[in-house]
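> Structure: run.txt, compact mmCIF, C-alpha atoms and all ligand atoms.
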# COMPACT_ATOMS: atom_id res chain seq x y z
CA MET A 1 -17.11 2.04 15.28
CA ALA A 2 -15.31 2.36 11.95
CA VAL A 3 -17.04 0.69 9.00
CA PHE A 4 -15.21 -0.11 5.76
CA ASN A 5 -16.48 -1.16 2.35
CA VAL A 6 -13.96 -3.27 0.45
CA ASP A 7 -15.38 -4.14 -2.95
CA GLY A 8 -18.90 -4.40 -1.53
CA VAL A 9 -17.92 -6.44 1.53
CA PHE A 10 -18.34 -4.59 4.82
CA HIS A 11 -16.03 -4.76 7.82
CA ALA A 12 -16.24 -3.00 11.17
CA LEU A 13 -13.49 -2.18 13.66
CA GLU A 14 -13.32 -0.43 16.97
CA ASN A 15 -12.66 3.21 16.05
CA PHE A 16 -10.05 3.80 18.69
CA CYS A 17 -6.38 3.18 18.05
CA ALA A 18 -3.74 2.78 20.77
CA SER A 19 -3.00 6.49 21.24
CA GLY A 20 -6.49 7.73 20.47
CA GLY A 21 -6.39 7.93 16.69
CA SER A 22 -9.61 7.52 14.74
CA ILE A 23 -9.09 4.48 12.54
CA GLY A 24 -12.19 5.38 10.53
CA GLU A 25 -10.44 8.52 9.33
CA GLY A 26 -7.46 6.54 8.07
CA GLU A 27 -6.60 5.68 4.48
CA LEU A 28 -7.73 2.30 3.19
CA HIS A 29 -5.61 0.39 0.67
CA GLY A 30 -7.05 -3.02 -0.13
CA HIS A 31 -7.84 -4.57 3.25
CA ILE A 32 -5.31 -2.46 5.17
CA VAL A 33 -6.26 0.78 6.92
CA THR A 34 -3.61 3.16 8.23
CA CYS A 35 -4.30 5.14 11.39
CA PRO A 36 -4.00 8.87 10.58
CA LEU A 37 -2.31 9.71 13.87
CA ASP A 38 0.84 7.60 14.05
CA GLY A 39 0.53 5.30 11.04
CA GLU A 40 -0.29 1.96 12.66
CA THR A 41 -1.89 -0.43 10.18
CA TYR A 42 -4.74 -2.91 10.63
CA ASP A 43 -6.34 -5.54 8.45
CA VAL A 44 -10.04 -4.59 8.38
CA ARG A 45 -10.98 -8.29 8.01
CA THR A 46 -9.54 -9.14 11.44
CA GLY A 47 -8.53 -5.97 13.28
CA ILE A 48 -5.00 -7.36 13.56
CA SER A 49 -1.92 -5.46 12.41
CA PRO A 50 -0.14 -7.03 9.42
CA ILE A 51 3.10 -6.13 11.22
CA SER A 52 2.44 -7.95 14.51
CA ASP A 53 -0.33 -10.16 15.92
CA ALA A 54 0.21 -8.38 19.24
CA ILE A 55 -1.24 -5.15 17.81
CA PHE A 56 -4.98 -5.22 17.20
CA VAL A 57 -8.33 -3.54 17.69
CA LYS A 58 -11.71 -5.19 18.11
CA HIS A 59 -13.34 -6.52 14.95
CA PHE A 60 -17.11 -6.83 14.46
CA ASP A 61 -19.10 -8.76 11.87
CA ALA A 62 -20.82 -6.44 9.40
CA ARG A 63 -23.06 -7.01 6.42
CA LEU A 64 -25.44 -5.23 4.09
CA ASP A 65 -29.12 -6.14 4.43
CA GLY A 66 -31.63 -6.25 1.58
CA SER A 67 -32.64 -2.62 2.17
CA GLY A 68 -29.14 -1.23 1.83
CA ASN A 69 -28.50 -0.84 5.56
CA VAL A 70 -25.17 -1.89 7.06
CA LEU A 71 -25.78 -4.18 10.03
CA VAL A 72 -23.02 -4.59 12.62
CA ARG A 73 -23.00 -7.23 15.34
CA LEU A 74 -22.05 -5.40 18.53
CA GLU A 75 -20.20 -8.37 20.04
CA PRO A 76 -16.57 -8.52 18.88
CA THR A 77 -15.82 -11.54 16.69
CA GLU A 78 -13.12 -12.81 19.00
CA ASP A 79 -12.30 -12.27 22.65
CA GLU A 80 -9.15 -10.15 22.69
CA ASP A 81 -7.82 -12.22 25.59
CA GLU A 82 -7.66 -15.19 23.22
CA ARG A 83 -5.59 -13.39 20.58
CA PRO A 84 -2.07 -14.62 20.04
S1 LIG B 101 -3.16 6.37 17.53
FE1 LIG B 101 -3.16 5.09 15.80
S2 LIG B 101 -1.10 4.69 15.40
FE2 LIG B 101 -1.07 5.93 17.22
Using structure tokens, write down the structure that the file contains.
Ligand code: FES


Amino acid sequence: MAVFNVDGVFHALENFCASGGSIGEGELHGHIVTCPLDGETYDVRTGISPISDAIFVKHFDARLDGSGNVLVRLEPTEDEDERP
């Protein structure tokens, strides 16, 4: 799981890119994270590449609770079989 904080809003993605890169170790610019291995990019709000809807990783709902803990729902937000 890779968790991102974008201006206080938390997002979580599967931390496993197509060729095994760790998305959580990538650079984040705005809502776009770049995989450190081969440079694929993903929108942390959806898990979908801004280049192509056919490239994606699982996205999970995440939020901060009142105690400062990040809570992540372990069910992906969308079935990947239903992606465009
Ligand atoms: S493993 Fe992420 S772009 Fe190749």

> I want to know what sits within 10 Å of segment 27-37 of chain A, based on all atoms listed in the file, with residues of the same chain fewer than 4 positions away left out; could you give that as a PyMOL selection string?

chain A and resi 4-7+11+15-23+41-50

> Have a look at atom CA of Ala62 of chain A and atom CA of Ala12 of chain A and let me know their distance in Å, one decimal.

6.0 Å

> Atom CA of Glu40 of chain A to atom CA of Val3 of chain A: how many Å, to one decimal?

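Answer for the atom CA of Glu40 of chain A to atom CA of Val3 of chain A separation: 17.2 Å.
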
> Please, what distance in Å, to one decimal, runs between atom CA of Val57 of chain A and atom CA of Glu14 of chain A?

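Separating atom CA of Val57 of chain A from atom CA of Glu14 of chain A is a distance of 5.9 Å.
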
> I'd like to know which of A:Gly8, A:Leu13, A:Ile51, A:Gly39 is closest to Val72 of chain A, using only C-alpha atoms.

A:Leu13

> So that I can check the surroundings of Gly68 of chain A, please list as a ChimeraX atom specification every protein, DNA and RNA residue that reaches within 12 Å of it, counting all atoms listed in the file and ignoring chain neighbours fewer than 4 positions away.

/A:8,10,63-64

> Would you please work out which residue, of A:Glu25, A:His59, A:Met1, A:Leu71, is nearest to ligand LIG 101 (chain B) when using all atoms listed in the file?

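Among the listed residues, the smallest separation from ligand LIG 101 (chain B) belongs to A:Glu25.
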
> Ranking A:Arg73, A:Glu78, A:Asp65, A:Asp38 by minimum distance to ligand LIG 101 (chain B) and counting all atoms listed in the file, which one comes first?

A:Asp38

> Give me the box for ligand LIG 101 (chain B) as lines of an AutoDock Vina configuration file, namely the centre and edge lengths in Å to one decimal of a box along x, y and z that holds every listed atom plus 8 Å on each side.


center_x = -2.1
center_y = 5.5
center_z = 16.5
size_x = 18.1
size_y = 17.7
size_z = 18.1

> Hey, which of A:Phe56, A:Thr77, A:Val9, A:Asp61 ends up closest to ligand LIG 101 (chain B)? Count only C-alpha atoms and all ligand atoms.

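Comparing A:Phe56, A:Thr77, A:Val9, A:Asp61 against ligand LIG 101 (chain B), the winner is A:Phe56.
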
> Return the single residue from A:Gly24, A:Ser67, A:Ala54, A:Glu75 that is closest to ligand LIG 101 (chain B), with distances computed using all atoms listed in the file.

A:Gly24
